[in-house]
Amino acid sequence: MAALELETLTWPEVRQEIDAGRDTIVVAFGAVEQHGHHLPMGTDAIFGDELSRRLADRLDAFRAPTVRIGCSRHHLAFPGTMSIEEKTFHGVVGDLLRGWAAHGFRRIVILPTHGGNFAPLGAALEQLGPLDGVKVIGICDLGLLVQATLGLGGELGVPASEGGLHAGQWETSMMLALRPELVKMDRAVPGYTGDLESGLERFLGEGVHVLTDTGVFGDPTNASAEHGRLYIERLLDLTAELVERESQA
């Protein structure tokens with residue numbers, strides 16, 4: 001069945017669906033932040049919209065509106081980036097989940113679509129603790145995203161330095177598959193393509209601007225919609241498998 005779009009329903013319709021046993025809700029936590037010269041600021045929020053809808057379709061679930069602001073301090077050197085502190089993020093997660101638990105949702109799936117939200121989500125769920133009668137499944141392992149993107153990229157012959165970690169080959173490919181009209185490939189240029197591990201340490205600790213003045217970590221110039229569709233399907237498959245495993249735990 002198709003996902004139920006929470007924001008289009010009336011509250012009695014929500015109650016009726018929950019009472020009938022449709023008690024899973026999916027919410028994405030994205031971001032509005034710089035994505036180089038070629039991708040829109042809302043890339044991660046758009047990923048949240050699209051991926052949460054497709055995941056909710058698979059789970060026969062409600063889809064909540066994407067939370068369109070996240071922990072993006074490492075991009076604040078670039079104009080327009082929106083960011084909140086981790087303690088604020090923790091509070092938003094806790095408030096949403098406690099409210100939905102009181103409404104009768106029995107499975108809540110939280111999908112980060114911005115790399116900077118994975119660790120804060122894990123901390124938020126640890127602080128929140130268990131909710132009586134509710135299975136909370138947070139995708140907190142950044143390794144799942146890496147496996148679906150850089151891992152698959154390796155299978156496709158894309159060097160990790162090109163795939164990158166921000167606005168590189170895989171992220172640009174995903175946007176070409178989802179919203180090609182928003183991608184300015186004529187402005188796409190390579191950014192930081194050095195060592196990933198040391199680059200990531202500086203990226204998170206000091207900000208991406210210390211690595212590149214374009215804001216790109218990777219090389220988007222060989223991105224393609226075909227690869228983007230493959231990355232999306234792999235990411236959805238891995239996420240759905242994790243949700244099902246956790247649901248049975």
# chains A, B, ... in the order shown; residues from 1 in each chain; ligands from 1
>>> residues_around(residues="region 103-109 of chain A", least_positions_apart="2", cutoff="10 Å", atoms="only C-alpha atoms", output="ChimeraX atom specification")
/A:14-15,18-19,21-28,52,55-56,59,61-63,97-101,111-112,131-139,243,247
>>> residues_around(residues="Thr88 (chain A)", least_positions_apart="4", cutoff="12 Å", atoms="only C-alpha atoms", output="mmCIF file with N, CA, C and O atoms, in the first residue's frame")
data_model
loop_
_atom_site.group_PDB
_atom_site.id
_atom_site.type_symbol
_atom_site.label_atom_id
_atom_site.label_comp_id
_atom_site.auth_asym_id
_atom_site.auth_seq_id
_atom_site.Cartn_x
_atom_site.Cartn_y
_atom_site.Cartn_z
ATOM 1 N N ILE A 69 15.906 20.737 9.156
ATOM 2 C CA ILE A 69 17.070 21.407 9.738
ATOM 3 C C ILE A 69 17.789 20.395 10.620
ATOM 4 O O ILE A 69 17.144 19.594 11.299
ATOM 5 N N GLY A 70 19.117 20.404 10.555
ATOM 6 C CA GLY A 70 19.886 19.432 11.310
ATOM 7 C C GLY A 70 21.166 20.028 11.869
ATOM 8 O O GLY A 70 21.305 21.246 11.991
ATOM 9 N N CYS A 71 22.097 19.151 12.186
ATOM 10 C CA CYS A 71 23.367 19.550 12.777
ATOM 11 C C CYS A 71 24.385 19.755 11.659
ATOM 12 O O CYS A 71 24.996 18.806 11.174
ATOM 13 N N SER A 83 21.659 25.552 10.781
ATOM 14 C CA SER A 83 22.184 24.541 11.703
ATOM 15 C C SER A 83 21.639 24.770 13.101
ATOM 16 O O SER A 83 21.405 25.908 13.515
ATOM 17 N N ILE A 84 21.437 23.652 13.813
ATOM 18 C CA ILE A 84 21.070 23.721 15.221
ATOM 19 C C ILE A 84 22.099 22.943 16.024
ATOM 20 O O ILE A 84 22.783 22.060 15.510
ATOM 21 N N VAL A 92 14.277 18.047 19.955
ATOM 22 C CA VAL A 92 13.282 17.873 18.889
ATOM 23 C C VAL A 92 12.924 16.395 18.729
ATOM 24 O O VAL A 92 11.750 16.026 18.649
ATOM 25 N N VAL A 93 13.946 15.542 18.678
ATOM 26 C CA VAL A 93 13.698 14.105 18.536
ATOM 27 C C VAL A 93 12.840 13.597 19.698
ATOM 28 O O VAL A 93 11.831 12.907 19.503
ATOM 29 N N GLY A 94 13.228 13.929 20.911
ATOM 30 C CA GLY A 94 12.496 13.454 22.080
ATOM 31 C C GLY A 94 11.056 13.933 22.102
ATOM 32 O O GLY A 94 10.139 13.151 22.392
ATOM 33 N N ASP A 95 10.838 15.204 21.800
ATOM 34 C CA ASP A 95 9.482 15.746 21.824
ATOM 35 C C ASP A 95 8.589 15.055 20.792
ATOM 36 O O ASP A 95 7.433 14.707 21.086
ATOM 37 N N ASN A 117 23.637 14.134 11.038
ATOM 38 C CA ASN A 117 22.535 13.812 11.957
ATOM 39 C C ASN A 117 22.619 12.408 12.547
ATOM 40 O O ASN A 117 21.865 12.088 13.467
ATOM 41 N N PRO A 120 24.204 12.461 16.334
ATOM 42 C CA PRO A 120 23.272 13.121 17.239
ATOM 43 C C PRO A 120 21.972 12.340 17.438
ATOM 44 O O PRO A 120 21.389 12.368 18.519
ATOM 45 N N LEU A 121 21.524 11.626 16.393
ATOM 46 C CA LEU A 121 20.327 10.814 16.552
ATOM 47 C C LEU A 121 20.569 9.686 17.547
ATOM 48 O O LEU A 121 19.737 9.418 18.421
ATOM 49 N N ALA A 123 22.666 9.673 20.007
ATOM 50 C CA ALA A 123 22.713 10.275 21.349
ATOM 51 C C ALA A 123 21.315 10.657 21.825
ATOM 52 O O ALA A 123 20.979 10.493 23.009
ATOM 53 N N ALA A 124 20.480 11.158 20.922
ATOM 54 C CA ALA A 124 19.121 11.560 21.292
ATOM 55 C C ALA A 124 18.311 10.353 21.769
ATOM 56 O O ALA A 124 17.579 10.433 22.766
#
>>> residues_around(residues="His74 (chain A)", least_positions_apart="6", cutoff="9 Å", atoms="only C-alpha atoms", output="PDB file with all heavy atoms, in the first residue's frame")
ATOM      1  N   GLY A 116      25.572  14.525   9.139  1.00  0.00           N
ATOM      2  CA  GLY A 116      25.789  15.113  10.446  1.00  0.00           C
ATOM      3  C   GLY A 116      24.708  14.812  11.455  1.00  0.00           C
ATOM      4  O   GLY A 116      24.832  15.185  12.639  1.00  0.00           O
ATOM      5  N   PHE A 203      37.049  17.754   8.208  1.00  0.00           N
ATOM      6  CA  PHE A 203      35.704  18.154   7.779  1.00  0.00           C
ATOM      7  C   PHE A 203      34.798  18.340   8.987  1.00  0.00           C
ATOM      8  O   PHE A 203      34.109  19.363   9.131  1.00  0.00           O
ATOM      9  CB  PHE A 203      35.181  17.055   6.845  1.00  0.00           C
ATOM     10  CG  PHE A 203      33.774  17.223   6.342  1.00  0.00           C
ATOM     11  CD1 PHE A 203      33.519  17.823   5.127  1.00  0.00           C
ATOM     12  CD2 PHE A 203      32.697  16.722   7.067  1.00  0.00           C
ATOM     13  CE1 PHE A 203      32.224  17.943   4.642  1.00  0.00           C
ATOM     14  CE2 PHE A 203      31.401  16.834   6.592  1.00  0.00           C
ATOM     15  CZ  PHE A 203      31.166  17.448   5.374  1.00  0.00           C
ATOM     16  N   LEU A 204      34.784  17.344   9.879  1.00  0.00           N
ATOM     17  CA  LEU A 204      33.902  17.393  11.041  1.00  0.00           C
ATOM     18  C   LEU A 204      34.455  18.284  12.147  1.00  0.00           C
ATOM     19  O   LEU A 204      33.694  18.938  12.861  1.00  0.00           O
ATOM     20  CB  LEU A 204      33.661  15.980  11.572  1.00  0.00           C
ATOM     21  CG  LEU A 204      32.909  15.030  10.640  1.00  0.00           C
ATOM     22  CD1 LEU A 204      32.820  13.642  11.256  1.00  0.00           C
ATOM     23  CD2 LEU A 204      31.517  15.557  10.320  1.00  0.00           C
ATOM     24  N   GLY A 205      35.780  18.292  12.295  1.00  0.00           N
ATOM     25  CA  GLY A 205      36.376  19.048  13.392  1.00  0.00           C
ATOM     26  C   GLY A 205      36.542  20.531  13.128  1.00  0.00           C
ATOM     27  O   GLY A 205      36.387  21.356  14.039  1.00  0.00           O
ATOM     28  N   GLU A 206      36.845  20.881  11.868  1.00  0.00           N
ATOM     29  CA  GLU A 206      37.135  22.282  11.547  1.00  0.00           C
ATOM     30  C   GLU A 206      36.149  22.889  10.550  1.00  0.00           C
ATOM     31  O   GLU A 206      35.981  24.103  10.496  1.00  0.00           O
ATOM     32  CB  GLU A 206      38.556  22.392  10.968  1.00  0.00           C
ATOM     33  CG  GLU A 206      39.648  21.844  11.886  1.00  0.00           C
ATOM     34  CD  GLU A 206      40.999  21.824  11.189  1.00  0.00           C
ATOM     35  OE1 GLU A 206      41.481  22.896  10.795  1.00  0.00           O
ATOM     36  OE2 GLU A 206      41.556  20.714  11.024  1.00  0.00           O
ATOM     37  N   GLY A 207      35.533  22.050   9.740  1.00  0.00           N
ATOM     38  CA  GLY A 207      34.615  22.540   8.714  1.00  0.00           C
ATOM     39  C   GLY A 207      35.147  22.255   7.330  1.00  0.00           C
ATOM     40  O   GLY A 207      36.364  22.227   7.098  1.00  0.00           O
ATOM     41  N   VAL A 208      34.223  22.068   6.390  1.00  0.00           N
ATOM     42  CA  VAL A 208      34.635  21.698   5.036  1.00  0.00           C
ATOM     43  C   VAL A 208      35.436  22.806   4.356  1.00  0.00           C
ATOM     44  O   VAL A 208      36.235  22.550   3.453  1.00  0.00           O
ATOM     45  CB  VAL A 208      33.402  21.302   4.187  1.00  0.00           C
ATOM     46  CG1 VAL A 208      32.511  22.497   3.917  1.00  0.00           C
ATOM     47  CG2 VAL A 208      33.818  20.628   2.888  1.00  0.00           C
ATOM     48  N   HIS A 209      35.263  24.048   4.803  1.00  0.00           N
ATOM     49  CA  HIS A 209      35.949  25.163   4.153  1.00  0.00           C
ATOM     50  C   HIS A 209      37.463  25.093   4.299  1.00  0.00           C
ATOM     51  O   HIS A 209      38.181  25.734   3.520  1.00  0.00           O
ATOM     52  CB  HIS A 209      35.444  26.494   4.718  1.00  0.00           C
ATOM     53  CG  HIS A 209      35.732  26.684   6.169  1.00  0.00           C
ATOM     54  ND1 HIS A 209      35.024  26.024   7.161  1.00  0.00           N
ATOM     55  CD2 HIS A 209      36.653  27.451   6.816  1.00  0.00           C
ATOM     56  CE1 HIS A 209      35.491  26.377   8.340  1.00  0.00           C
ATOM     57  NE2 HIS A 209      36.479  27.236   8.158  1.00  0.00           N
TER      58      HIS A 209
END
>>> atom_distance(atom1="CA of Ala225 (chain A)", atom2="CA of Phe29 (chain A)")
23.6 Å
>>> residues_around(residues="Ile232 (chain A)", least_positions_apart="2", cutoff="9 Å", atoms="only C-alpha atoms", output="PyMOL selection string")
chain A and resi 51+148-149+174+177+227-230+234-237
>>> write_last_selection(atoms="all heavy atoms", output="mmCIF file, in the first residue's frame")
data_model
loop_
_atom_site.group_PDB
_atom_site.id
_atom_site.type_symbol
_atom_site.label_atom_id
_atom_site.label_comp_id
_atom_site.auth_asym_id
_atom_site.auth_seq_id
_atom_site.Cartn_x
_atom_site.Cartn_y
_atom_site.Cartn_z
ATOM 1 N N LEU A 51 13.174 9.622 0.140
ATOM 2 C CA LEU A 51 13.533 8.335 0.729
ATOM 3 C C LEU A 51 12.534 7.910 1.798
ATOM 4 O O LEU A 51 12.181 6.734 1.901
ATOM 5 C CB LEU A 51 14.944 8.391 1.295
ATOM 6 C CG LEU A 51 16.058 8.598 0.245
ATOM 7 C CD1 LEU A 51 17.406 8.777 0.934
ATOM 8 C CD2 LEU A 51 16.113 7.438 -0.733
ATOM 9 N N ALA A 148 26.018 1.842 1.128
ATOM 10 C CA ALA A 148 25.095 2.024 0.004
ATOM 11 C C ALA A 148 25.641 2.966 -1.057
ATOM 12 O O ALA A 148 25.169 2.938 -2.200
ATOM 13 C CB ALA A 148 23.760 2.551 0.514
ATOM 14 N N THR A 149 26.619 3.782 -0.699
ATOM 15 C CA THR A 149 27.117 4.802 -1.636
ATOM 16 C C THR A 149 28.556 4.521 -2.060
ATOM 17 O O THR A 149 28.796 4.062 -3.174
ATOM 18 C CB THR A 149 26.983 6.190 -1.012
ATOM 19 O OG1 THR A 149 27.653 6.216 0.272
ATOM 20 C CG2 THR A 149 25.522 6.560 -0.803
ATOM 21 N N MET A 174 22.402 10.929 -7.112
ATOM 22 C CA MET A 174 21.086 10.750 -6.508
ATOM 23 C C MET A 174 20.166 11.922 -6.828
ATOM 24 O O MET A 174 18.978 11.734 -7.123
ATOM 25 C CB MET A 174 21.214 10.550 -5.000
ATOM 26 C CG MET A 174 21.789 9.186 -4.632
ATOM 27 S SD MET A 174 22.162 8.980 -2.860
ATOM 28 C CE MET A 174 20.546 9.184 -2.105
ATOM 29 N N ALA A 177 18.893 11.681 -10.301
ATOM 30 C CA ALA A 177 17.818 10.699 -10.414
ATOM 31 C C ALA A 177 16.504 11.233 -9.865
ATOM 32 O O ALA A 177 15.427 10.899 -10.389
ATOM 33 C CB ALA A 177 18.211 9.420 -9.678
ATOM 34 N N HIS A 227 23.434 5.906 -12.119
ATOM 35 C CA HIS A 227 24.074 5.539 -10.862
ATOM 36 C C HIS A 227 23.222 5.981 -9.679
ATOM 37 O O HIS A 227 23.130 5.273 -8.672
ATOM 38 C CB HIS A 227 25.461 6.165 -10.780
ATOM 39 C CG HIS A 227 26.510 5.396 -11.517
ATOM 40 N ND1 HIS A 227 27.855 5.709 -11.452
ATOM 41 C CD2 HIS A 227 26.428 4.336 -12.340
ATOM 42 C CE1 HIS A 227 28.547 4.862 -12.205
ATOM 43 N NE2 HIS A 227 27.699 4.027 -12.760
ATOM 44 N N GLY A 228 22.605 7.139 -9.786
ATOM 45 C CA GLY A 228 21.784 7.640 -8.696
ATOM 46 C C GLY A 228 20.656 6.695 -8.339
ATOM 47 O O GLY A 228 20.369 6.456 -7.166
ATOM 48 N N ARG A 229 20.004 6.145 -9.344
ATOM 49 C CA ARG A 229 18.915 5.193 -9.086
ATOM 50 C C ARG A 229 19.435 3.950 -8.381
ATOM 51 O O ARG A 229 18.756 3.399 -7.494
ATOM 52 C CB ARG A 229 18.228 4.841 -10.407
ATOM 53 C CG ARG A 229 17.347 5.959 -10.959
ATOM 54 C CD ARG A 229 16.552 5.504 -12.153
ATOM 55 N NE ARG A 229 17.380 5.406 -13.344
ATOM 56 C CZ ARG A 229 17.607 6.417 -14.191
ATOM 57 N NH1 ARG A 229 17.049 7.604 -13.967
ATOM 58 N NH2 ARG A 229 18.362 6.253 -15.256
ATOM 59 N N LEU A 230 20.625 3.512 -8.751
ATOM 60 C CA LEU A 230 21.211 2.339 -8.098
ATOM 61 C C LEU A 230 21.551 2.631 -6.639
ATOM 62 O O LEU A 230 21.311 1.795 -5.762
ATOM 63 C CB LEU A 230 22.461 1.893 -8.855
ATOM 64 C CG LEU A 230 22.228 1.368 -10.277
ATOM 65 C CD1 LEU A 230 23.558 1.115 -10.976
ATOM 66 C CD2 LEU A 230 21.398 0.088 -10.257
ATOM 67 N N ARG A 234 19.824 0.698 -3.406
ATOM 68 C CA ARG A 234 20.659 -0.002 -2.437
ATOM 69 C C ARG A 234 20.422 0.554 -1.031
ATOM 70 O O ARG A 234 20.324 -0.205 -0.055
ATOM 71 C CB ARG A 234 22.133 0.119 -2.823
ATOM 72 C CG ARG A 234 23.127 -0.563 -1.874
ATOM 73 C CD ARG A 234 23.028 -2.079 -1.888
ATOM 74 N NE ARG A 234 23.338 -2.654 -3.195
ATOM 75 C CZ ARG A 234 24.570 -2.968 -3.609
ATOM 76 N NH1 ARG A 234 25.620 -2.772 -2.825
ATOM 77 N NH2 ARG A 234 24.757 -3.494 -4.808
ATOM 78 N N LEU A 235 20.338 1.861 -0.925
ATOM 79 C CA LEU A 235 20.115 2.496 0.380
ATOM 80 C C LEU A 235 18.761 2.091 0.947
ATOM 81 O O LEU A 235 18.639 1.769 2.142
ATOM 82 C CB LEU A 235 20.213 4.016 0.234
ATOM 83 C CG LEU A 235 20.076 4.851 1.503
ATOM 84 C CD1 LEU A 235 21.085 4.439 2.561
ATOM 85 C CD2 LEU A 235 20.241 6.340 1.171
ATOM 86 N N LEU A 236 17.737 2.071 0.116
ATOM 87 C CA LEU A 236 16.410 1.663 0.581
ATOM 88 C C LEU A 236 16.392 0.194 0.985
ATOM 89 O O LEU A 236 15.792 -0.169 1.994
ATOM 90 C CB LEU A 236 15.375 1.933 -0.508
ATOM 91 C CG LEU A 236 14.949 3.383 -0.693
ATOM 92 C CD1 LEU A 236 14.131 3.538 -1.968
ATOM 93 C CD2 LEU A 236 14.153 3.885 0.505
ATOM 94 N N ASP A 237 17.051 -0.642 0.192
ATOM 95 C CA ASP A 237 17.088 -2.071 0.518
ATOM 96 C C ASP A 237 17.756 -2.302 1.867
ATOM 97 O O ASP A 237 17.238 -3.047 2.719
ATOM 98 C CB ASP A 237 17.842 -2.845 -0.563
ATOM 99 C CG ASP A 237 17.054 -2.978 -1.856
ATOM 100 O OD1 ASP A 237 15.837 -2.730 -1.850
ATOM 101 O OD2 ASP A 237 17.668 -3.333 -2.890
#
>>> select_by_dssp(residues="region 51-234 of chain A", states="helix (DSSP H, G or I)", output="PyMOL selection string")
chain A and resi 51-59+73-75+86-103+115-128+142-155+160-163+169-178+180-182+185-187+196-205+208-210+220-222+225-234
>>> residues_around(residues="Glu162 (chain A)", least_positions_apart="4", cutoff="6 Å", atoms="only C-alpha atoms", output="list in words")
Gln169, Gly218 and Asp219 of chain A
